[in-house]
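> So that we are looking at the same thing, I have put the structure below in structure tokens.
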Amino acid sequence: MTDEYVGKMEQDIRDVVSSHDMNMIVSNIGITPDLSAIYTSNSGMHTAFIQVSLKEDHKTSSFAYMQRLRERFANDFPEVSTYFQTGGLVDSSLTRETRSDRYSNRGSDSMNRLLSPSPWLPG
């Protein structure tokens with residue numbers, strides 16, 4: 001059932017986020033709660049997270065998209081609890097972004113940055 005919700009939510013994201021701004025969507029549906037569950041924050045089969053990567057030159061801010069998606073999800077999935085976050089601790093640590101970068105009109109594109117080579121990490 002969770003996978004059905006994720007599929008429908010991904011479609012809502014595609015409907016709201018311009019194809020010119022969208023880079024990729026990565027969804028992670030929780031795993032069976034056993035020993036391997038200690039290595040993920042998504043440790044229940046009833047939970048999932050969806051990460052959306054915007055292109056570096058996106059025209060609409062991350063915050064505008066998040067607001068539109070909050071409204072859309074509240075309408076389409078009132079029984080689902082959602083949480084939105086731009087960037088995060090790993091994003092901040094790897095990119096050494098400043099507070100002003102985080103809250104700029106552009107927002108934070110954590111997937112782009114996490115998938116790009118970092119000058120601070122070997123290899």
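For the structure tokens, the naming scheme is as follows: chains receive sequential letters (A, B, ...) according to their order of presentation, residues are indexed from 1 within each chain, and ligands are indexed from 1 in presentation order.
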Just the residues within 10 Å of segment 27-37 of chain A, please, counting only C-alpha atoms, with nothing from its chain fewer than 6 positions along; format it as a PyMOL selection string.

chain A and resi 2-3+6-7+10+43-52

> Could you save the residues just selected, with N, CA and C atoms, as an mmCIF file, in the first residue's frame?


data_model
loop_
_atom_site.group_PDB
_atom_site.id
_atom_site.type_symbol
_atom_site.label_atom_id
_atom_site.label_comp_id
_atom_site.auth_asym_id
_atom_site.auth_seq_id
_atom_site.Cartn_x
_atom_site.Cartn_y
_atom_site.Cartn_z
ATOM 1 N N THR A 2 1.966 1.262 0.757
ATOM 2 C CA THR A 2 2.841 2.436 0.795
ATOM 3 C C THR A 2 3.374 2.751 -0.593
ATOM 4 N N ASP A 3 3.718 1.705 -1.360
ATOM 5 C CA ASP A 3 4.244 1.934 -2.704
ATOM 6 C C ASP A 3 3.213 2.596 -3.619
ATOM 7 N N VAL A 6 3.261 6.285 -2.679
ATOM 8 C CA VAL A 6 4.482 6.912 -3.206
ATOM 9 C C VAL A 6 4.340 7.157 -4.702
ATOM 10 N N GLY A 7 3.813 6.195 -5.432
ATOM 11 C CA GLY A 7 3.615 6.373 -6.875
ATOM 12 C C GLY A 7 2.691 7.534 -7.184
ATOM 13 N N GLU A 10 4.494 10.796 -6.285
ATOM 14 C CA GLU A 10 5.471 11.127 -7.324
ATOM 15 C C GLU A 10 4.781 11.762 -8.525
ATOM 16 N N SER A 43 12.726 3.056 8.728
ATOM 17 C CA SER A 43 12.799 1.658 9.140
ATOM 18 C C SER A 43 11.461 0.953 9.314
ATOM 19 N N GLY A 44 10.408 1.467 8.746
ATOM 20 C CA GLY A 44 9.120 0.795 8.821
ATOM 21 C C GLY A 44 8.536 0.639 7.429
ATOM 22 N N MET A 45 7.885 -0.485 7.182
ATOM 23 C CA MET A 45 7.314 -0.724 5.852
ATOM 24 C C MET A 45 6.186 0.253 5.534
ATOM 25 N N HIS A 46 5.685 0.942 6.537
ATOM 26 C CA HIS A 46 4.596 1.904 6.365
ATOM 27 C C HIS A 46 5.116 3.331 6.150
ATOM 28 N N THR A 47 6.448 3.507 6.098
ATOM 29 C CA THR A 47 7.027 4.842 5.929
ATOM 30 C C THR A 47 7.802 4.930 4.617
ATOM 31 N N ALA A 48 7.990 6.146 4.175
ATOM 32 C CA ALA A 48 8.747 6.376 2.948
ATOM 33 C C ALA A 48 9.245 7.809 2.948
ATOM 34 N N PHE A 49 10.284 8.063 2.175
ATOM 35 C CA PHE A 49 10.635 9.444 1.903
ATOM 36 C C PHE A 49 10.892 9.602 0.421
ATOM 37 N N ILE A 50 10.568 10.785 -0.044
ATOM 38 C CA ILE A 50 10.722 11.124 -1.456
ATOM 39 C C ILE A 50 11.635 12.332 -1.529
ATOM 40 N N GLN A 51 12.710 12.204 -2.267
ATOM 41 C CA GLN A 51 13.633 13.321 -2.450
ATOM 42 C C GLN A 51 13.498 13.832 -3.879
ATOM 43 N N VAL A 52 13.427 15.135 -4.002
ATOM 44 C CA VAL A 52 13.292 15.765 -5.306
ATOM 45 C C VAL A 52 14.509 16.639 -5.533
#

> Could you pull the residues within 12 Å of Ser18 of chain A, counting only C-alpha atoms, minus those fewer than 5 positions along the same chain, as a PyMOL selection string?

chain A and resi 12-13+23-24+52-55+58-62+64-65+68

> Write the selection just made, keeping N, CA, C and O atoms, as a short mmCIF file (atom, residue, chain, number, x, y, z; two decimals), in the first residue's frame?


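Result file follows (out_22.cif):
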data_model
loop_
_atom_site.label_atom_id
_atom_site.label_comp_id
_atom_site.auth_asym_id
_atom_site.auth_seq_id
_atom_site.Cartn_x
_atom_site.Cartn_y
_atom_site.Cartn_z
N ASP A 12 2.00 13.53 -8.44
CA ASP A 12 1.67 14.89 -8.02
C ASP A 12 2.89 15.80 -8.15
O ASP A 12 2.78 16.95 -8.59
N ILE A 13 4.03 15.29 -7.75
CA ILE A 13 5.27 16.09 -7.85
C ILE A 13 5.54 16.43 -9.31
O ILE A 13 5.86 17.56 -9.65
N ASN A 23 15.15 17.71 -11.85
CA ASN A 23 16.31 16.89 -12.20
C ASN A 23 15.97 15.42 -12.02
O ASN A 23 16.06 14.64 -12.95
N MET A 24 15.57 15.03 -10.79
CA MET A 24 15.19 13.64 -10.54
C MET A 24 14.36 13.51 -9.27
O MET A 24 14.36 14.41 -8.43
N VAL A 52 13.43 15.14 -4.00
CA VAL A 52 13.29 15.77 -5.31
C VAL A 52 14.51 16.64 -5.53
O VAL A 52 14.86 17.47 -4.70
N SER A 53 15.16 16.43 -6.64
CA SER A 53 16.32 17.24 -7.01
C SER A 53 15.91 18.20 -8.13
O SER A 53 15.36 17.77 -9.14
N LEU A 54 16.16 19.47 -7.89
CA LEU A 54 15.92 20.47 -8.93
C LEU A 54 17.21 20.74 -9.67
O LEU A 54 18.30 20.59 -9.12
N LYS A 55 17.07 21.14 -10.92
CA LYS A 55 18.25 21.49 -11.70
C LYS A 55 18.90 22.74 -11.11
O LYS A 55 18.25 23.56 -10.47
N HIS A 58 17.17 26.11 -11.86
CA HIS A 58 15.71 26.12 -11.79
C HIS A 58 15.18 27.54 -11.61
O HIS A 58 15.80 28.38 -10.99
N LYS A 59 14.00 27.77 -12.21
CA LYS A 59 13.42 29.12 -12.22
C LYS A 59 12.54 29.40 -11.00
O LYS A 59 12.46 30.52 -10.54
N THR A 60 11.85 28.40 -10.50
CA THR A 60 10.96 28.56 -9.35
C THR A 60 11.71 28.11 -8.10
O THR A 60 12.42 27.11 -8.13
N SER A 61 11.55 28.84 -7.01
CA SER A 61 12.29 28.52 -5.79
C SER A 61 11.81 27.20 -5.18
O SER A 61 10.66 26.79 -5.35
N SER A 62 12.70 26.55 -4.46
CA SER A 62 12.37 25.31 -3.75
C SER A 62 11.21 25.54 -2.80
O SER A 62 10.32 24.69 -2.66
N ALA A 64 8.76 27.73 -2.98
CA ALA A 64 7.48 27.86 -3.70
C ALA A 64 6.95 26.47 -4.06
O ALA A 64 5.75 26.20 -3.89
N TYR A 65 7.83 25.61 -4.55
CA TYR A 65 7.40 24.25 -4.88
C TYR A 65 6.94 23.50 -3.63
O TYR A 65 5.94 22.79 -3.65
N ARG A 68 3.42 24.62 -2.77
CA ARG A 68 2.44 24.07 -3.71
C ARG A 68 2.19 22.59 -3.43
O ARG A 68 1.05 22.11 -3.49
#

> Could you check the closest approach to Tyr83 of chain A for each of A:Val26, A:Ile38, A:Leu69, A:Val16 and tell me which residue wins, using only C-alpha atoms?

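The closest residue to Tyr83 of chain A is A:Leu69.
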
> Quick check, in Å to one decimal: how far apart do atom CA of Asp21 of chain A and atom CA of Glu4 of chain A lie?

24.9 Å

> I need the residue nearest Met22 of chain A from this list: A:Met9, A:Gln85, A:Asp57, A:Glu79. Use only C-alpha atoms for the distance.

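Closest candidate: A:Asp57.
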
> How many Å lie between atom CA of Thr82 of chain A and atom CA of His20 of chain A, rounded to one decimal?

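Between atom CA of Thr82 of chain A and atom CA of His20 of chain A the gap is 24.9 Å.
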
> Please measure the separation of atom CA of Ile25 of chain A and atom CA of Glu56 of chain A, giving the value in Å to one decimal.

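Interatomic distance here is 14.7 Å.
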
> Which one of A:Thr86, A:Phe63, A:Asn75, A:Val80 sits closest to Val17 of chain A if you count only C-alpha atoms?

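Among the listed residues, A:Phe63 lies closest to Val17 of chain A.
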
> Where does DSSP see strand (DSSP E or B) in segment 15-89 of chain A, if you list the residues as a PDB file with N, CA, C and O atoms, in the first residue's frame?


ATOM      1  N   MET A  22      12.896  20.170 -12.936  1.00  0.00           N
ATOM      2  CA  MET A  22      13.088  18.856 -12.305  1.00  0.00           C
ATOM      3  C   MET A  22      14.360  18.176 -12.805  1.00  0.00           C
ATOM      4  O   MET A  22      14.592  18.078 -13.999  1.00  0.00           O
ATOM      5  N   ASN A  23      15.148  17.706 -11.854  1.00  0.00           N
ATOM      6  CA  ASN A  23      16.305  16.892 -12.199  1.00  0.00           C
ATOM      7  C   ASN A  23      15.968  15.415 -12.015  1.00  0.00           C
ATOM      8  O   ASN A  23      16.058  14.639 -12.946  1.00  0.00           O
ATOM      9  N   MET A  24      15.567  15.029 -10.787  1.00  0.00           N
ATOM     10  CA  MET A  24      15.186  13.641 -10.541  1.00  0.00           C
ATOM     11  C   MET A  24      14.355  13.514  -9.268  1.00  0.00           C
ATOM     12  O   MET A  24      14.356  14.410  -8.430  1.00  0.00           O
ATOM     13  N   ILE A  25      13.674  12.386  -9.166  1.00  0.00           N
ATOM     14  CA  ILE A  25      12.938  12.009  -7.963  1.00  0.00           C
ATOM     15  C   ILE A  25      13.513  10.677  -7.490  1.00  0.00           C
ATOM     16  O   ILE A  25      13.667   9.752  -8.290  1.00  0.00           O
ATOM     17  N   VAL A  26      13.843  10.596  -6.218  1.00  0.00           N
ATOM     18  CA  VAL A  26      14.324   9.353  -5.617  1.00  0.00           C
ATOM     19  C   VAL A  26      13.421   9.038  -4.436  1.00  0.00           C
ATOM     20  O   VAL A  26      13.286   9.855  -3.525  1.00  0.00           O
ATOM     21  N   SER A  27      12.791   7.869  -4.460  1.00  0.00           N
ATOM     22  CA  SER A  27      11.896   7.459  -3.378  1.00  0.00           C
ATOM     23  C   SER A  27      12.488   6.261  -2.656  1.00  0.00           C
ATOM     24  O   SER A  27      13.078   5.386  -3.273  1.00  0.00           O
ATOM     25  N   ASN A  28      12.302   6.249  -1.345  1.00  0.00           N
ATOM     26  CA  ASN A  28      12.798   5.163  -0.516  1.00  0.00           C
ATOM     27  C   ASN A  28      11.666   4.730   0.401  1.00  0.00           C
ATOM     28  O   ASN A  28      11.249   5.482   1.270  1.00  0.00           O
ATOM     29  N   ILE A  29      11.186   3.517   0.171  1.00  0.00           N
ATOM     30  CA  ILE A  29      10.110   2.971   0.995  1.00  0.00           C
ATOM     31  C   ILE A  29      10.752   2.127   2.083  1.00  0.00           C
ATOM     32  O   ILE A  29      11.688   1.379   1.832  1.00  0.00           O
ATOM     33  N   ALA A  48       7.990   6.146   4.175  1.00  0.00           N
ATOM     34  CA  ALA A  48       8.747   6.376   2.948  1.00  0.00           C
ATOM     35  C   ALA A  48       9.245   7.809   2.948  1.00  0.00           C
ATOM     36  O   ALA A  48       8.708   8.660   3.657  1.00  0.00           O
ATOM     37  N   PHE A  49      10.284   8.063   2.175  1.00  0.00           N
ATOM     38  CA  PHE A  49      10.635   9.444   1.903  1.00  0.00           C
ATOM     39  C   PHE A  49      10.892   9.602   0.421  1.00  0.00           C
ATOM     40  O   PHE A  49      11.297   8.671  -0.265  1.00  0.00           O
ATOM     41  N   ILE A  50      10.568  10.785  -0.044  1.00  0.00           N
ATOM     42  CA  ILE A  50      10.722  11.124  -1.456  1.00  0.00           C
ATOM     43  C   ILE A  50      11.635  12.332  -1.529  1.00  0.00           C
ATOM     44  O   ILE A  50      11.361  13.352  -0.904  1.00  0.00           O
ATOM     45  N   GLN A  51      12.710  12.204  -2.267  1.00  0.00           N
ATOM     46  CA  GLN A  51      13.633  13.321  -2.450  1.00  0.00           C
ATOM     47  C   GLN A  51      13.498  13.832  -3.879  1.00  0.00           C
ATOM     48  O   GLN A  51      13.465  13.042  -4.827  1.00  0.00           O
ATOM     49  N   VAL A  52      13.427  15.135  -4.002  1.00  0.00           N
ATOM     50  CA  VAL A  52      13.292  15.765  -5.306  1.00  0.00           C
ATOM     51  C   VAL A  52      14.509  16.639  -5.533  1.00  0.00           C
ATOM     52  O   VAL A  52      14.855  17.473  -4.701  1.00  0.00           O
ATOM     53  N   SER A  53      15.158  16.432  -6.639  1.00  0.00           N
ATOM     54  CA  SER A  53      16.316  17.238  -7.013  1.00  0.00           C
ATOM     55  C   SER A  53      15.908  18.196  -8.126  1.00  0.00           C
ATOM     56  O   SER A  53      15.365  17.766  -9.144  1.00  0.00           O
ATOM     57  N   LEU A  54      16.163  19.469  -7.892  1.00  0.00           N
ATOM     58  CA  LEU A  54      15.917  20.470  -8.927  1.00  0.00           C
ATOM     59  C   LEU A  54      17.212  20.736  -9.675  1.00  0.00           C
ATOM     60  O   LEU A  54      18.302  20.587  -9.121  1.00  0.00           O
TER      61      LEU A  54
END

> Using the chain letters and numbers from this document, which residues of segment 45-89 of chain A does DSSP assign to helix (DSSP H, G or I), as an MDAnalysis selection string?

chainID A and resid 62:76 89
